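Colleague: Before I ask anything, here is the structure I am working with.
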Amino acid sequence: MSGHSKWATIKRKKGKNDAARGKLFTKLIREITVAAREGGGEEGSNPRLRTAVLAAKAENMPAANIERAVKKGTGELPGESYESVVYEGYGAGGAAIMIEALSDNKNRTVAEMRHLFSKYNGNLAENGAVSWMFSQKGYIAVARSVPEDDLMLVALEAGAEDISDEEDVWEITTALQDFERVKKALEEAGIQSTQAELIRKPQNTVKVEGKTAEQVLNLMSALEDHDDVQRVFSNFDIEAGELAALTA
């Protein structure tokens, strides 16, 4: 298990004990607002907005909050202006890292990203430095309570590329253009997803261990906790036993 799957598992465990739901709601609201601003306020014609709203509902965000965020994006209500920005860099041991952020002050955000990378023995790189190591994919997580045979029948028939067992969930990977179709097929079959989003999947991995692994995990966590950061992806690989010790 490596790359996105590794970090997705860590985030799920962290989320179960993370009381800072306000910060999560802030990130979700920003994504809904920007999605509505860039693609309109109708979920049916705006896949990014539809995905953002589903993510918010999965976290039990009140409908009024979602509606208000959409209206801020469409200009029906006043709100801050955020820009989408992607940062690239290297963590300790050469682990490639990509960051998707929404910022209202890109000069401030890039300075803070550079500080975090430096703090954990990494470095912020130029655009294009590591993006070629990642492929954009659709990602859907489904509870392990769903029988594997039932899940495979629906997902693979709809065009899923792969289904893997990642400890506490089934993880489904799709090509970018098949994401919506697979997600819809699961919904129509009565199979609920716990997470559905577009990801950047690493094409290769870098193994890290010991102090280096600790620095990579600390950097990833610090980036995720930053208010402007929406999602972080990496190609690090850590042995299961060492990961368990570092995240205990």
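Residue names in the structure tokens use chain letters A, B, ... in the order shown, residue numbers from 1 in each chain, and ligand numbers from 1 in the order shown.
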Would you pick out the contacts of A:Ala155 at 12 Å or less, using only C-alpha atoms, so that residues sharing its chain but fewer than 2 positions from it are not included, and give the list as number ranges by chain?
Modeller: A: 139-142, 148-153, 157-164, 170-174, 178-189, 191, 193
Colleague: Near stretch 209-217 of chain A, within 12 Å and counting only C-alpha atoms, which residues show up once chain neighbours fewer than 5 positions away are dropped, as an NGL selection string?
Modeller: :A and (3 or 6-7 or 10-11 or 89-97 or 116-123 or 222-224 or 232-247)
Colleague: Include C-alpha atoms and write out the residues we just selected as a short mmCIF file (atom, residue, chain, number, x, y, z; two decimals), in the first residue's frame.
Modeller:
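This is the output file selection34.cif:
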data_model
loop_
_atom_site.label_atom_id
_atom_site.label_comp_id
_atom_site.auth_asym_id
_atom_site.auth_seq_id
_atom_site.Cartn_x
_atom_site.Cartn_y
_atom_site.Cartn_z
CA GLY A 3 0.87 6.80 -2.38
CA LYS A 6 -1.47 5.04 2.23
CA TRP A 7 -2.30 8.64 3.03
CA ILE A 10 -3.95 7.61 7.64
CA LYS A 11 -6.45 10.43 7.15
CA GLY A 89 7.68 19.72 -4.00
CA TYR A 90 9.78 17.01 -2.41
CA GLY A 91 9.60 15.65 1.10
CA ALA A 92 12.43 13.95 2.99
CA GLY A 93 13.94 11.05 1.10
CA GLY A 94 12.83 12.43 -2.26
CA ALA A 95 9.11 11.70 -1.84
CA ALA A 96 7.16 13.66 -4.46
CA ILE A 97 4.31 15.78 -3.09
CA LEU A 116 6.46 23.94 5.96
CA PHE A 117 8.58 22.07 3.41
CA SER A 118 11.77 23.52 4.90
CA LYS A 119 10.66 22.71 8.46
CA TYR A 120 10.34 19.01 7.66
CA ASN A 121 13.48 18.61 5.52
CA GLY A 122 11.76 19.02 2.16
CA ASN A 123 11.72 21.70 -0.50
CA ALA A 222 1.13 19.84 8.49
CA LEU A 223 0.13 20.51 4.88
CA GLU A 224 -3.29 18.89 5.36
CA VAL A 232 -2.29 16.49 -0.64
CA PHE A 233 -0.88 13.59 -2.68
CA SER A 234 2.45 11.80 -2.47
CA ASN A 235 4.29 8.75 -3.79
CA PHE A 236 5.88 7.69 -0.49
CA ASP A 237 5.82 4.05 0.58
CA ILE A 238 6.18 2.86 4.19
CA GLU A 239 6.19 -0.68 5.49
CA ALA A 240 2.95 -1.51 7.32
CA GLY A 241 4.65 -2.27 10.62
CA GLU A 242 6.60 0.97 10.65
CA LEU A 243 3.52 2.95 9.62
CA ALA A 244 1.57 1.46 12.53
CA ALA A 245 4.33 2.50 14.96
CA LEU A 246 4.54 6.04 13.57
CA THR A 247 0.78 6.62 13.62
#
Colleague: Could you check how far atom CA of A:Pro202 sits from atom CA of A:Glu43, in Å to one decimal?
Modeller: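 Computing the Euclidean distance for atom CA of A:Pro202 and atom CA of A:Glu43 yields 29.2 Å.
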Colleague: Please list as a list in words every residue within 6 Å of A:Asp228, counting only C-alpha atoms and excluding residues in the same chain fewer than 5 positions away.
Modeller: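 Those residues are Ala101, Leu102 and Ser103 of chain A.
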Colleague: Output N, CA and C atoms for every residue in that selection, as a JSON list (two decimals), in the first residue's frame.
Modeller:
[["chain", "number", "residue", "atom", "x", "y", "z"],
["A", 101, "ALA", "N", -4.71, 23.63, -3.50],
["A", 101, "ALA", "CA", -5.11, 24.62, -2.50],
["A", 101, "ALA", "C", -6.07, 25.64, -3.10],
["A", 102, "LEU", "N", -6.78, 26.33, -2.21],
["A", 102, "LEU", "CA", -7.64, 27.46, -2.57],
["A", 102, "LEU", "C", -7.19, 28.63, -1.71],
["A", 103, "SER", "N", -6.73, 29.69, -2.35],
["A", 103, "SER", "CA", -6.13, 30.80, -1.61],
["A", 103, "SER", "C", -6.73, 32.13, -1.99]]
Colleague: Closest to A:Ile66 among A:His226, A:Arg37, A:Arg30, A:Lys201, using only C-alpha atoms?
Modeller: A:Arg30
Colleague: Report the distance between atom CA of A:Asp165 and atom CA of A:Asn204 in Å, rounded to one decimal place.
Modeller: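 Interatomic distance here is 19.3 Å.
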Colleague: Using only C-alpha atoms, which residue out of A:Ala63, A:Leu124, A:Met113, A:Ala56 lies closest to A:Glu31?
Modeller: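 Ranked by minimum distance to A:Glu31, first place goes to A:Ala56.
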Colleague: Have a look at A:Leu176, A:Ala35, A:Ala129, A:Leu54 and name the one nearest to A:Glu83; count only C-alpha atoms.
Modeller: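 The closest residue to A:Glu83 is A:Ala35.
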Colleague: Please provide as a list in words all residues within 8 Å of A:Ile99, with the sequence filter that same-chain residues fewer than 4 positions apart are discarded (counting only C-alpha atoms).
Modeller: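 So, after excluding close chain neighbours, the residues are Val86, Tyr87, Glu88, Val229, Gln230, Arg231, Val232 and Phe233 of chain A.
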Colleague: Those same residues - N, CA and C atoms - I'd like them written as an mmCIF file, in the first residue's frame.
Modeller:
data_model
loop_
_atom_site.group_PDB
_atom_site.id
_atom_site.type_symbol
_atom_site.label_atom_id
_atom_site.label_comp_id
_atom_site.auth_asym_id
_atom_site.auth_seq_id
_atom_site.Cartn_x
_atom_site.Cartn_y
_atom_site.Cartn_z
ATOM 1 N N VAL A 86 -1.963 24.986 -7.472
ATOM 2 C CA VAL A 86 -1.311 23.694 -7.230
ATOM 3 C C VAL A 86 0.162 23.942 -6.917
ATOM 4 N N TYR A 87 0.648 23.323 -5.855
ATOM 5 C CA TYR A 87 2.057 23.411 -5.474
ATOM 6 C C TYR A 87 2.692 22.038 -5.595
ATOM 7 N N GLU A 88 3.982 22.022 -5.925
ATOM 8 C CA GLU A 88 4.717 20.767 -6.070
ATOM 9 C C GLU A 88 6.013 20.847 -5.277
ATOM 10 N N VAL A 229 -5.096 24.541 2.187
ATOM 11 C CA VAL A 229 -4.865 23.267 1.479
ATOM 12 C C VAL A 229 -6.124 22.425 1.461
ATOM 13 N N GLN A 230 -6.494 21.984 0.265
ATOM 14 C CA GLN A 230 -7.655 21.119 0.111
ATOM 15 C C GLN A 230 -7.266 19.642 0.133
ATOM 16 N N ARG A 231 -6.227 19.288 -0.634
ATOM 17 C CA ARG A 231 -5.819 17.885 -0.726
ATOM 18 C C ARG A 231 -4.311 17.800 -0.970
ATOM 19 N N VAL A 232 -3.716 16.722 -0.465
ATOM 20 C CA VAL A 232 -2.286 16.489 -0.635
ATOM 21 C C VAL A 232 -2.080 15.064 -1.151
ATOM 22 N N PHE A 233 -1.188 14.911 -2.117
ATOM 23 C CA PHE A 233 -0.883 13.592 -2.681
ATOM 24 C C PHE A 233 0.623 13.366 -2.661
#
Colleague: Please return as a PyMOL selection string: the residues of stretch 13-203 of chain A that backbone DSSP assigns to alpha helix (DSSP H).
Modeller: chain A and resi 13-16+21-39+47-58+63-74+106-119+148-158+179-188
